[in-house]
Every structure is written in C-alpha cells, then in structure tokens.
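The structure appears right after this line, and notes come after that.
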Amino acid sequence: MARNDLQGSLDLLVLKTLSQKGEMHGYGIVQHIQKASDELLSVEEGSLYPALHRMELSGWIGSEWKVTDTNREAKFYRLTAAGQKELQKAEKSFEQLVKGIRAVLRYA
Amino acid sequence: MWLFRRIVNAFRRSKLEQDIDRELESHVEMRRADNIAAGMSPDQACRDARIRFGNRTLTRERVTAVDAELVFDSFARELRYAARQLRRSSAFALTALLTLSLGIGANVVVFSVLNALLLRPLDVPQPFGLYNVAHKSPGYDNQSYPDYLDFQSKNSTFTDMAAYRIQSAALSTANAAYKCWYYRVSGNYFDMLGVQPELGRFFHASDEHGPNSAPYIVLSHNFWRRHFDSDPHVMGAIVDINQHPFTVIGVAPAAFHGTVIFFWPDFWMPVVDSPDYQGTDFLSGRAMHNLWILGRLRPGVAPVQATDNLNAIAHELARQNPDDDGLDARLVKPGLMGDQLGGPARPFLAGIMLLAFLVLLAACANLASLFAARAADRSRELAIRLAIGASRWQVLRQLLAEALLLSLLGGALGAIFSTALLNALTRWQPFPEFPVHVTVSPDRMVYLVALLLSIGSGLQWGLIPARQIWATDAAPLMKSGGAGALVFRRFTLRDLLLAVQITLCTLLVTSSFVAVRGMQRSLHAPLGFQPQGVVLAETDLDFGAHSDDTAKMIQKQMLQEVGRLPGVSSVGIIDGTPLGTGGSTTVIYRLGTSDFRMSNSAFGAKYFYISPGYLEAAGTRLLTGRDFTWHDDAKSPKVAIVNETFARGLFGNSSGLGRQFMMGDKVPYEIVGIVANGKYESLTETPWAAVFFPMEQNRASNTTLAVRSQLLEGELVPALRQALRQIDPSLPFVFHSWPDALGFVLFPARVATASLGVMGLLAAMLAVTGVFGMAMYSVSKRMKEFGIRVAVGAQPVQLMRSALSRPILLLLLGSAAGLVLGAMASRLLAQIVYQATPRDPLVFAGVMITMAVLGLIATWLPAQRALDVHPAGLLREE
C-alpha cells in the first residue's frame, strides 16, 4: 500500500490530466477534471496550487510561463519522465485501493 | 537537483511569492473571462471568480509552506536517522570524531598562522594597495634614504611612499629609564597609512626641515599605558632618548602597532632626527641601506606596472650613482620586513600546511575505509531499503548525512581545540628581548576554512562507499545475509586507502625524526664558542651619550669591576655576539691591492670588535698566536685575529700567522692569532670567514659583556647589575644566559621540529587506528571461519597468519613507500633544520622501529581476539 489518501488522489488526477492533455495551466486542470468527471469532482484551488508546487519541487512536473490562446500570461505545467513513473505508481496503487475497498464492501 | 532548487527557493522567498501571486491572479482572471463569456455582468463575474477561488493569501501561504515542509522534513528526518545510526555504533562515531577533530584542528592551527603571517593585510585603515619595495634578489631588502626620496618623487604609479626602520634606544624620564624599540619613520608615514592619533597629534611631512629638525615622538598606546599611566596630559612632556631631549606630541591608537607584523614598538620618531652616534649621516649616503620603503599604489595601477616604473627609476639611479650599482625593485606583501621574513616563511608554512592537509587526508582515508566496512556490514539493511522502494540516491543521501553530521561535529570540536591553542600562542612572547607578539587569533576566514574542511572531508569519506551502494543488487544480498566473504578475495579500495594512509604516516614520522635528529645535532654542533655557563649583559653606550674616549674608559671599567666579582672566572666584551645581534660583513683584500673594487676583493668576512679576554670568556679556541692585549691600541699597528676559513682563504695551507691583509680603509692589518671556525649567522650556513679586531683600535657603541662563571644565572645577575649600575646608572642593561639568547637563532629549527613532531604524532595515531580498524574488522568477519578451522585442528600460528597477513603486508608496503618519500622530502627540510639528513642510520632505524611498534600496537587486540576463538560457542551462534 502506497499513499492512498486524498492527497494521493489529487496527485493522480493532476498527473493523469497532464499526461492526457500535455501542457496545461492550473485553471485548465481544474476545468478539465470538472468536465472529464461529468461535474462530479471539483478541485479546490486552495489544494491544487500547493500540490502543483510540491510536485514541481519533487521533479514530477515542470513549469513554464507562456501566453494562452486568449493572450493571457499563465504558468503551464507538463509531465516529466519522473512524473510519468510516478503516475504509473499512483495508478497502480489507486487500483489496489479501489479493489481493496470493493472487497471490503462485498464482504458478507 | 531537488536539493539545490529548494535551497535556492529558500533564499528567493520573495521572488517565489511574486511568482505564485502572478499565477493565482492569472487563474482568477481566466475564471472571470469565462464567467463573462457565460453571460455574467463584469462585476458579478469578478466577484464570483474571487469567491470561488477562496482566500488567496492563505493559498499563497500554503504553497510556500510546501517548500519549507519538504526541505526541513527530509533534512530533519535524515539527520535524526543519522544520529540514531551513529548512536548505535558509538565506537565508530567516537573514533571518527576524534580523528576528524584532530585532523581539522591541526589544519586550522596551521592555516591561522599562515593567515596571520602571509594572508591577512596590514592592520591599518586601508590596507589594500600597500606594498613594500624590496630588491629582486631575496634576502636583504633595505634601501637607502636618498634612493627612497628618488623613488618617492620620480614614480608615477604610487600615491605616496613612506620609509621606516626599527631601532633600539634608552628612553628616560625624570623617574626611570627603559630600553625601548622604536620606529624612525618619514614624516608622511602616518598620513600615508591613514592612521589617526588617539591623543595629541602625529608629525607630518611638513614638520621635516633637514637633520634633527623635528625632535618629536609619538608614543604607542601600550607604552603610554604602562609607563605614563595613561596620563592624558602627557603631550608636551620632554623625555630623553639616549640623553637627547624629545617632545611627546601624541599617542597612537591601541590597534596600531606599526608596519611590521608581530612587532609592537614603544614609540615613533621622525627619520630626520637621530639620537645615536651614527647620527644623520645616512640621510645622504646612497650606500647606507637601512630603511624599508612602503608605498600605496594609485587606484587602478597594477603591481606589475608599478614594478616596471620603479625599475626604470632604479636603472636611471644606477647609471648616475656608482653606489646604486645593480639597484632594482620588486613589490612584496608589506609587514614582513621587506621580504626578509616572508621569503623563508612562505615555503616553510606552505610545507607545513601541505603536511597538515596530508594528515587530514590520511584521517579521511582512515574514516573512509572504516565507513566502507560499515556500509558493507549494513549492506543487508541497505538492500532491504532498496527493495522496499528507496532510491539509490536516497540511501546514499542517508550515508552522506551521517558522514556530514560527524564531520561538522568533528570540525566544531577541532575549531574549539585549535582556538584554545591559538589564544595561547597569541599570549606567548617568544623572545623576551624583542617586543614580538604572534597575534594569530582566528578570524572569519579561519572559521570559514574550518567549515569548508569539515564539509569537504565529510563528502570525501562519505562518498567512498557510494560506488559500493551503486553496485548493490538487493536480491542476492538479502539471501546470503551479509557481504563478508566477497570482500577478502582481492585487494579492495579499502586496502589501497590503508596503504596510502600508512605511507603518509611514515612520511610524516620520517620527517619528524629527521628534524629532531637535526635539532639535536645542531644543539651539539661546534659553534665556535661555549655558551654554557656564560651570562650576557647587553647595552649600547650611545644610550648614555658617551663620547669616544669616555666610552672606551667605561668599557675598561666594566671589565675590571665585573672581573672582580666573586665566582666570575673570565669576562670580555664583544660588540655583538655571533648568532646574535653581531656580525656585519666586510670585504677583505689581499696585501698589495691598489684598486679597491669589489671585483678585486678576496672574499667577504664577518667582523667583530672584541676586548682582550673575550676569547677566553666565550670559550673560543685560539689555535695559534695570541689574544689581544690592552697595548693593541690606537698608537700601535693595526692587528686582527682571524678564523681558519679566513686564513685558508688568503694563504691556503701555509700558516697565516704574522701575515697581512687589507680592507676598504687601505691599511695593512697583521694577523696575530687564528681561532677555530664557528657559526656566525645561522646554524645552517656554509662556513664563513670571520675576523676579530681589538676594541681599542675601533669604536663600537654596542657593548655585550660575556661573563663566564660557576654561579647560577640567578645568583650572578643581581651582582652584575649592582656592579654595572655603579659605573653609569643611566645605561639600561639586558641580561640573559647565552644559551637563552641563542633561542632566536634556534627558533626556526625549534618551530619546524615541534610542528613536524606534532604532525608525526597525529599521523602515527591515525595509522594505529587505521590498521587496528582494518585488522579488527577482518578478524570479526571471519570468526566463524576461524571457529571451523580451529575445530578441524588449525594451529594458532596459522590463524594469525591468515588474519593478520593482509594488514601487516600493507604496513610493510606503506612504510617502505613512506620512507622513500620521507628521504626525498628531507632535502627540503635541510634548509631549515641544521644537518637534517635522512641518510642517518639512527633515523632509519627509528622509523622502522616506530612503524613496527605501531603495527604491533594496532594488531595486538585483533590477534588476541583471533586466538580466543571458541569453536563450539561460535558454531552455536548461527
């Protein structure tokens, strides 16, 4: 069992988003997760930015200031090789978590 | 690098916060734009965006907190873990701490001395850009006053130049007389240095109006405090210096002690004034070199440029004045008496620094091998950590944290112990007759070096096991349970480290043996006189302002009075003792020379003025001929006594007795006696020619009575003082035994021997711990094997052989290499220590025995342990 807390799930969501969509800024990540989860999940900005910063310091993601399509400045994040590995780990551990919880729920 | 980025972030806190603010702002902006696109009014859009975002300051703080959390969390965790690991193996931790603190401490001490002597600038308000003007050929760096004036007025690269010299004199007030050391300085001296008086005023260039025009002195803070009770009204007081009146015009600040490092004078006087017999003649003589020149470079001028500038002036001066023949210039770091002190001190200190560094290197090699052994022992733990997902980098970081923790602690301990030593050194006054203080108290630079050394050595020995960890494959290690066996098949890095360490140790031990033997020899070398049992009483008749005739009378009277004291077997006067303050050089010509040019001279010789009876009192052996008598006076023909080297130089193997030679005064001198050779300037000199002249035929104000007696120094000195005071109470005397007075000339050799001895001792300790650690480790790893071998009938000798053959082989190899290196290094040593030669059977044997004893000490316990094997118990254990 690795880190199967809520912070772990946020990391997983962010890493997955970046792996699917390539470069993205914080606002875009929030929007994407909301849209992709059919409005089921909404990410708190107050948790997102500390998480982004932590993942950047850990070397999982890199960042760069760029101009958006609408000509605004924004900080864009992208997945690094280390982040790719981390994503695989997080996915595996999430699957285990789900399996585990399901097993507990099914236990009669 | 994660670590680097975090550290950078920690320092760029404000930039990071700006960056975060910008990012959050852009987020809110985008939300607002989307809101407007969704049909909200601008106001509404803005409010909604802000509400949905929540508290921005809080978010920003949470983002920055991530940084601190990550850094301190992982650091604290690693340090805590490291501390726990070290507590668990306290023997290793203690060994490491001890070795490191000794190694780092030794380096800090040596570096402090080097720093104080060679690196630290002069203790004046603006020390940068100050240089002494020396001569190109090393050695004698004094300049003449007219040359100083020409350099000062003709150069275009210095803002100003000052000149100074150091002399001694008697200063008397109404109540007391003191023998003082003082500076005679050019009028612009204080202004050029930018020093401000603590009280009163300094003299200036404008005070100088030719010889004896400015009879002022400036007291040093210390002298003022000690002898004038810090009297604030001392300004205007008249004091007598060698019986000439001078006015006190100011007091220098406490921190200012002139422009020679380590020397603390009593007062300063304008160079144009003279309280001694020599007078102010030298102000006009280009051949009289007795000043040091200190110049301040113009801003933006490179030293090379200035040197060229001065050399051009020197060339021109040499062309115009025959006395300036061969004049040249070189800029050197100020404060070292031209380069007279710096010249020899630099290679010596660099050498000792190198040795200290080698000691630290040996200590690190030692720790690295212990640490590598420990890492090998822990390979199972490390393998488990790797297997459960720790990266190799994390494991390595853990080991590095342990190494750094130990090194920093060791460095701190070393700094504490060296600070204590340095403070003691600063309080020490090596030569009672000179106001010399070795101020080597550590400064910021020294602490920085200590820190760097600690980190450097931590990294060095912490990283050595890195290779091992990198190559670790977790699975087989966990299965086999310990990496003991595979280490012993071939020579490993650990063996190499140990061999290097033993080599360094032998090198240091050899050097210290060579130095100690040389020192011992130099104490028993034929000096040309017998210092034991002689007390010296030194004074200068100029201190009493005596004329030529009264001076001679007084000297005669002194000899009579002292000779009459009970217990005194003989007494004589010399102007300055050999290996002491005496012995200038003069040029000798053969009889019949008519053109007295340097190129026509026979050789240079040391000359002394002596009274009848001096040779007997000093114990200088008269080989043939006679001593001077009181009849060798101004009315009789000029006579001289020469040493063997002198006689052989002029007359070869035929006896020189009764023959004649000449000097610059173009008068023939008859040789009436020949004495044994001696040492005159230093113990390491090649034999000098020396010549003695009768005092009656010459004038010498410097007067040193050599008094030979059976009495102890403490008994003789009061009687001497009493007798001499009755002759002239105004003359201050300095008394010391002759062996003590030789301390000055033995000082470099003593310092060299002491420092090499300490280094050698440190190295020996390190070698013992190194060999011990290795032998102990190898025995403990093979206890099980030994148990089995004993069980199947192995003899103790066989066990010993297999347990200790490796360490002993390394010991032999390392010792041999070290001995060869030591022999090579001793050639350098021979320049400082008299007769230092490694081709000395005693040194050779001493080193071999020392290494053997060290080896025995280091392998004794491991051998005991190997012999103590109980097969049954051991086999049961696993």
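In the structure tokens, chains take letters A, B, ... by order of appearance, with residues numbered from 1 within each chain and ligands from 1 in the order shown.
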Mind running chain B against chain A at 6 Å and telling me each contacting residue's nearest atom pair with the distance in Å (one decimal), counting only C-alpha atoms, chain and number ascending, as JSON lines?
```
{"residue": "B:Ser26", "atom": "CA", "partner": "A:Ala74", "partner_atom": "CA", "distance": 5.9}
{"residue": "B:His27", "atom": "CA", "partner": "A:Tyr27", "partner_atom": "CA", "distance": 5.4}
{"residue": "B:Thr59", "atom": "CA", "partner": "A:Gly46", "partner_atom": "CA", "distance": 5.1}
{"residue": "B:Arg62", "atom": "CA", "partner": "A:Pro50", "partner_atom": "CA", "distance": 6.0}
{"residue": "B:Val63", "atom": "CA", "partner": "A:Pro50", "partner_atom": "CA", "distance": 4.1}
{"residue": "B:Val66", "atom": "CA", "partner": "A:Arg54", "partner_atom": "CA", "distance": 6.0}
```
Next, write the just-selected residues to a file, as a tab-separated table (two decimals), in the first residue's frame, keeping N, CA and C atoms as the atom set.
```
chain	number	residue	atom	x	y	z
B	26	SER	N	-3.59	35.05	-12.46
B	26	SER	CA	-3.96	34.66	-13.82
B	26	SER	C	-5.11	33.64	-13.78
B	27	HIS	N	-5.14	32.81	-12.74
B	27	HIS	CA	-6.23	31.85	-12.57
B	27	HIS	C	-7.56	32.59	-12.41
B	59	THR	N	-3.97	30.65	0.39
B	59	THR	CA	-3.49	29.70	-0.62
B	59	THR	C	-2.00	29.92	-0.89
B	62	ARG	N	0.01	28.56	1.79
B	62	ARG	CA	0.07	27.10	1.78
B	62	ARG	C	1.05	26.60	0.71
B	63	VAL	N	1.09	27.33	-0.41
B	63	VAL	CA	2.03	26.93	-1.46
B	63	VAL	C	3.48	27.09	-0.98
B	66	VAL	N	4.78	24.49	1.46
B	66	VAL	CA	5.18	23.20	0.90
B	66	VAL	C	6.71	23.09	0.85
```
Could you name the residues that touch B:Ile261 at 10 Å or less, counting only C-alpha atoms, but leaving out those on the same chain fewer than 3 positions away, as a tab-separated table (two decimals) with C-alpha atoms, in the first residue's frame?
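Output below, filename part.tsv:
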```
chain	number	residue	atom	x	y	z
B	116	ALA	CA	48.18	35.87	10.16
B	117	LEU	CA	51.63	35.94	8.60
B	118	LEU	CA	51.05	35.78	4.87
B	120	ARG	CA	45.98	38.97	6.44
B	121	PRO	CA	46.60	42.56	5.30
B	122	LEU	CA	48.37	45.13	7.48
B	123	ASP	CA	46.39	46.35	10.47
B	257	HIS	CA	51.49	48.83	16.02
B	258	GLY	CA	53.46	49.96	13.01
B	264	TRP	CA	54.97	46.07	18.80
B	334	PRO	CA	54.02	44.55	3.36
B	335	GLY	CA	54.69	43.86	7.02
B	336	LEU	CA	57.36	41.17	6.65
B	337	MET	CA	60.49	43.36	6.88
B	341	LEU	CA	60.62	37.31	6.88
B	436	VAL	CA	57.28	40.32	19.38
B	437	HIS	CA	53.71	39.06	19.69
B	438	VAL	CA	52.43	36.34	17.44
B	439	THR	CA	48.85	37.50	17.07
```
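The residue that comes closest to A:Ser9, out of A:Tyr107, A:Trp60, A:Tyr77, A:Phe94 and on the basis of only C-alpha atoms, is A:Phe94.
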Between atom CA of B:Gly210 and atom CA of B:Gly236 lies a distance of 21.9 Å
Enumerate the residues of stretch 15-93 of chain A with a DSSP assignment of helix (DSSP H, G or I), computed from the backbone, and present them as a ChimeraX atom specification.
/A:15-21,26-36,45-57,81-93
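Each of A:Val104, A:Met24, A:Thr17, A:Gly62 was checked against A:Ala81 using only C-alpha atoms; the smallest atom-to-atom distance is that of A:Gly62.
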Residues near B:Leu761, cut-off 9 Å, only C-alpha atoms, skip fewer than 6 positions along chain, as a ChimeraX atom specification
/B:505,508-509,512
Produce a file of the selected residues containing C-alpha atoms, as a PDB file, in the first residue's frame.
```
ATOM      1  CA  CYS B 505      52.150   8.411   8.220  1.00  0.00           C
ATOM      2  CA  LEU B 508      55.473  12.345   8.499  1.00  0.00           C
ATOM      3  CA  VAL B 509      57.202  10.171  11.056  1.00  0.00           C
ATOM      4  CA  SER B 512      59.849  14.498  12.268  1.00  0.00           C
TER       5      SER B 512
END
```
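Atom to atom, atom CA of B:Pro197 and atom CA of B:Tyr145 stand 25.8 Å apart.
Comparing the minimum interatomic distances between B:Leu100 and each of B:Leu24, B:Leu317, B:Ile554, B:Ala363, counting only C-alpha atoms, we find that B:Ala363 sits nearest.
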